[in-house]
Amino acid sequence: MEEYSLLTIEAFAHYMRGAVTLFFLFWSVKLYSYKRRSRMMQLLFYATAFLTFSHIKDAVFLFPEWKYSMFLNDMARIVDLLLIPLICSFFFEAVHPMSITKKRLIRLLVLQLMFVLAFVLYPVEEVVHAALAFDFILSIITLVYVLIFAAKHHKYITDNYSYIHRIDVNWVVVSCFVYFSALFFYAFAFEKTTWLSESMFNLFTIIFWTFLFLFACRHRLIRMFRPEEAEKPHESNANEENEAIIEETQTIKQSISERNTLIAERLQQIMEEKKVYLNPLVSLGDVAQAIGTNKTYLSEYLNSTLKTTFYDYINTYRIAEACRIIDAMPVNGRKPMTVVAEMSGFNSLSSFNRYFSKVKEMSPKSYYSSKII
């Protein structure tokens, strides 16, 4: 009976190994078209293609004469470590677009390849340990880097965008932490793997990479402008009224109070009359252009004078609009909250519910119910 159970677990392990291989092969094909979208997706495609190769190459261990070869096992481990520079580069690029150049990627891969060549020439355990140590350090650096730049990214999008749906990088932080934690745990807890531990790890692999692939495909990268770029007035085909405001703003830029007064008047006007907040994708640059100033001055006004971010400023107006819509609803004619969210300028129901609860300390449905009691 015990022998039958072991054979069953071994068969399941082989099944999971095949399933993981097909899984990565499927995503390699799917990501081929996505790799043109951005460097982040290009790096993810390379990593996925390598994972497919890595799983296929392990088929050599199905042959009994190679299965227990220590040289081949160590060689397979050290070759598999080539994935680490690729996945680290992907996480780097996701939180800081355009930071990974071809030269930087090649340097990392060449460093990792040196361990492969060293093992071919000197097939000793010390080379494998050195490669593991190098990747451990690279992983820690990546984790720290991702946390730092994710915080900078979050501040930037809240200062410049009225939405964070599909542009925040929280999923990158979670993915990075889970991925490297799983690798460290697997390396230390399963130094001698069993069929059961191999099966569980492959099952986890499918779940984790499904999460990562789906979030990566829906993610939209944003370019963080440099301070010197932000100082320049927004160049566009502005109408004569906006050009006059720009000229006036430049004339009085020595006086912050006068400039802020001008921005406040113009900002209130476009919020109340033009209701620019109803555009779900409105950005700081759009509003700055509409009031005839640049992003730096508008951002300084919001942050220093109003003590708020652009994200909070716009969404406060949207919540007020949503409350007006809900207040006007007849008792027997409640609109779906998805419609209310869209009408008030939110581009996702989850963002609407989250921010409404933050401002009103109750859900939109509870707010509606309180009005009809």
# chains A, B, ... in the order shown; residues from 1 in each chain; ligands from 1

$ residues_around --residues "segment 309-314 of chain A" --least-positions-apart "4" --cutoff "9 Å" --atoms "only C-alpha atoms" --output "number ranges by chain"
A: 155, 157-164, 271, 276-277, 282-284, 299, 302-303, 318-319, 355

$ residues_around --residues "Ser369 of chain A" --least-positions-apart "5" --cutoff "12 Å" --atoms "only C-alpha atoms" --output "ChimeraX atom specification"
/A:326-327,329-332,334,362-364

$ residues_around --residues "segment 136-153 of chain A" --least-positions-apart "3" --cutoff "12 Å" --atoms "only C-alpha atoms" --output "VMD selection string"
chain A and resid 81 to 97 99 108 to 109 111 to 112 129 to 133 156 to 161 164 167 to 184 187 221 to 225

$ select_by_dssp --residues "segment 276-328 of chain A" --states "alpha helix (DSSP H)" --output "number ranges by chain"
A: 284-291, 295-300, 310-327

$ write_last_selection --atoms "N, CA and C atoms" --output "mmCIF file, in the first residue's frame"
data_model
loop_
_atom_site.group_PDB
_atom_site.id
_atom_site.type_symbol
_atom_site.label_atom_id
_atom_site.label_comp_id
_atom_site.auth_asym_id
_atom_site.auth_seq_id
_atom_site.Cartn_x
_atom_site.Cartn_y
_atom_site.Cartn_z
ATOM 1 N N LEU A 284 -2.385 65.617 -14.089
ATOM 2 C CA LEU A 284 -1.899 66.920 -13.643
ATOM 3 C C LEU A 284 -1.547 67.795 -14.839
ATOM 4 N N GLY A 285 -0.938 67.196 -15.861
ATOM 5 C CA GLY A 285 -0.569 67.951 -17.064
ATOM 6 C C GLY A 285 -1.777 68.492 -17.797
ATOM 7 N N ASP A 286 -2.870 67.716 -17.828
ATOM 8 C CA ASP A 286 -4.097 68.167 -18.492
ATOM 9 C C ASP A 286 -4.671 69.397 -17.790
ATOM 10 N N VAL A 287 -4.721 69.330 -16.471
ATOM 11 C CA VAL A 287 -5.290 70.444 -15.695
ATOM 12 C C VAL A 287 -4.373 71.664 -15.774
ATOM 13 N N ALA A 288 -3.067 71.437 -15.700
ATOM 14 C CA ALA A 288 -2.116 72.555 -15.806
ATOM 15 C C ALA A 288 -2.282 73.265 -17.146
ATOM 16 N N GLN A 289 -2.444 72.493 -18.199
ATOM 17 C CA GLN A 289 -2.654 73.090 -19.519
ATOM 18 C C GLN A 289 -3.954 73.891 -19.560
ATOM 19 N N ALA A 290 -5.001 73.334 -18.941
ATOM 20 C CA ALA A 290 -6.316 73.989 -18.968
ATOM 21 C C ALA A 290 -6.315 75.323 -18.237
ATOM 22 N N ILE A 291 -5.487 75.449 -17.192
ATOM 23 C CA ILE A 291 -5.466 76.718 -16.450
ATOM 24 C C ILE A 291 -4.309 77.608 -16.892
ATOM 25 N N LYS A 295 3.131 72.039 -14.813
ATOM 26 C CA LYS A 295 2.890 71.013 -13.802
ATOM 27 C C LYS A 295 3.587 71.320 -12.481
ATOM 28 N N THR A 296 4.722 71.967 -12.550
ATOM 29 C CA THR A 296 5.469 72.272 -11.329
ATOM 30 C C THR A 296 4.709 73.247 -10.439
ATOM 31 N N TYR A 297 4.227 74.342 -11.034
ATOM 32 C CA TYR A 297 3.502 75.352 -10.252
ATOM 33 C C TYR A 297 2.210 74.779 -9.673
ATOM 34 N N LEU A 298 1.493 74.012 -10.494
ATOM 35 C CA LEU A 298 0.230 73.439 -10.014
ATOM 36 C C LEU A 298 0.485 72.432 -8.905
ATOM 37 N N SER A 299 1.511 71.611 -9.078
ATOM 38 C CA SER A 299 1.837 70.619 -8.053
ATOM 39 C C SER A 299 2.250 71.288 -6.747
ATOM 40 N N GLU A 300 3.045 72.367 -6.845
ATOM 41 C CA GLU A 300 3.467 73.100 -5.649
ATOM 42 C C GLU A 300 2.258 73.701 -4.928
ATOM 43 N N PHE A 310 -2.689 65.552 -6.079
ATOM 44 C CA PHE A 310 -3.590 65.698 -7.217
ATOM 45 C C PHE A 310 -4.649 64.600 -7.204
ATOM 46 N N TYR A 311 -4.255 63.388 -6.859
ATOM 47 C CA TYR A 311 -5.170 62.242 -6.784
ATOM 48 C C TYR A 311 -6.307 62.520 -5.801
ATOM 49 N N ASP A 312 -5.957 62.982 -4.588
ATOM 50 C CA ASP A 312 -6.975 63.264 -3.583
ATOM 51 C C ASP A 312 -7.840 64.464 -3.972
ATOM 52 N N TYR A 313 -7.211 65.475 -4.565
ATOM 53 C CA TYR A 313 -7.943 66.686 -4.943
ATOM 54 C C TYR A 313 -9.035 66.371 -5.958
ATOM 55 N N ILE A 314 -8.683 65.652 -7.008
ATOM 56 C CA ILE A 314 -9.657 65.316 -8.045
ATOM 57 C C ILE A 314 -10.730 64.372 -7.519
ATOM 58 N N ASN A 315 -10.329 63.375 -6.757
ATOM 59 C CA ASN A 315 -11.293 62.385 -6.280
ATOM 60 C C ASN A 315 -12.256 62.946 -5.248
ATOM 61 N N THR A 316 -11.861 64.003 -4.550
ATOM 62 C CA THR A 316 -12.796 64.667 -3.632
ATOM 63 C C THR A 316 -13.954 65.264 -4.412
ATOM 64 N N TYR A 317 -13.663 65.878 -5.552
ATOM 65 C CA TYR A 317 -14.717 66.397 -6.417
ATOM 66 C C TYR A 317 -15.584 65.272 -6.973
ATOM 67 N N ARG A 318 -14.955 64.168 -7.310
ATOM 68 C CA ARG A 318 -15.710 63.037 -7.850
ATOM 69 C C ARG A 318 -16.674 62.450 -6.824
ATOM 70 N N ILE A 319 -16.225 62.369 -5.570
ATOM 71 C CA ILE A 319 -17.104 61.853 -4.520
ATOM 72 C C ILE A 319 -18.276 62.801 -4.297
ATOM 73 N N ALA A 320 -18.001 64.103 -4.339
ATOM 74 C CA ALA A 320 -19.088 65.088 -4.206
ATOM 75 C C ALA A 320 -20.091 64.926 -5.350
ATOM 76 N N GLU A 321 -19.581 64.676 -6.554
ATOM 77 C CA GLU A 321 -20.457 64.450 -7.710
ATOM 78 C C GLU A 321 -21.267 63.173 -7.529
ATOM 79 N N ALA A 322 -20.627 62.127 -7.031
ATOM 80 C CA ALA A 322 -21.317 60.862 -6.791
ATOM 81 C C ALA A 322 -22.428 61.038 -5.760
ATOM 82 N N CYS A 323 -22.175 61.828 -4.723
ATOM 83 C CA CYS A 323 -23.196 62.081 -3.701
ATOM 84 C C CYS A 323 -24.377 62.842 -4.295
ATOM 85 N N ARG A 324 -24.096 63.781 -5.193
ATOM 86 C CA ARG A 324 -25.194 64.507 -5.844
ATOM 87 C C ARG A 324 -26.042 63.560 -6.693
ATOM 88 N N ILE A 325 -25.376 62.637 -7.373
ATOM 89 C CA ILE A 325 -26.099 61.669 -8.203
ATOM 90 C C ILE A 325 -26.955 60.756 -7.337
ATOM 91 N N ILE A 326 -26.387 60.278 -6.234
ATOM 92 C CA ILE A 326 -27.121 59.387 -5.330
ATOM 93 C C ILE A 326 -28.270 60.128 -4.661
ATOM 94 N N ASP A 327 -28.027 61.377 -4.244
ATOM 95 C CA ASP A 327 -29.087 62.170 -3.592
ATOM 96 C C ASP A 327 -30.264 62.401 -4.520
#

$ atom_distance --atom1 "atom CA of Leu22 of chain A" --atom2 "atom CA of Ala49 of chain A"
11.5 Å

$ closest_residue --among "A:Cys217, A:Ala118, A:Asp135, A:Tyr186" --to "Leu31 of chain A" --atoms "only C-alpha atoms"
A:Cys217
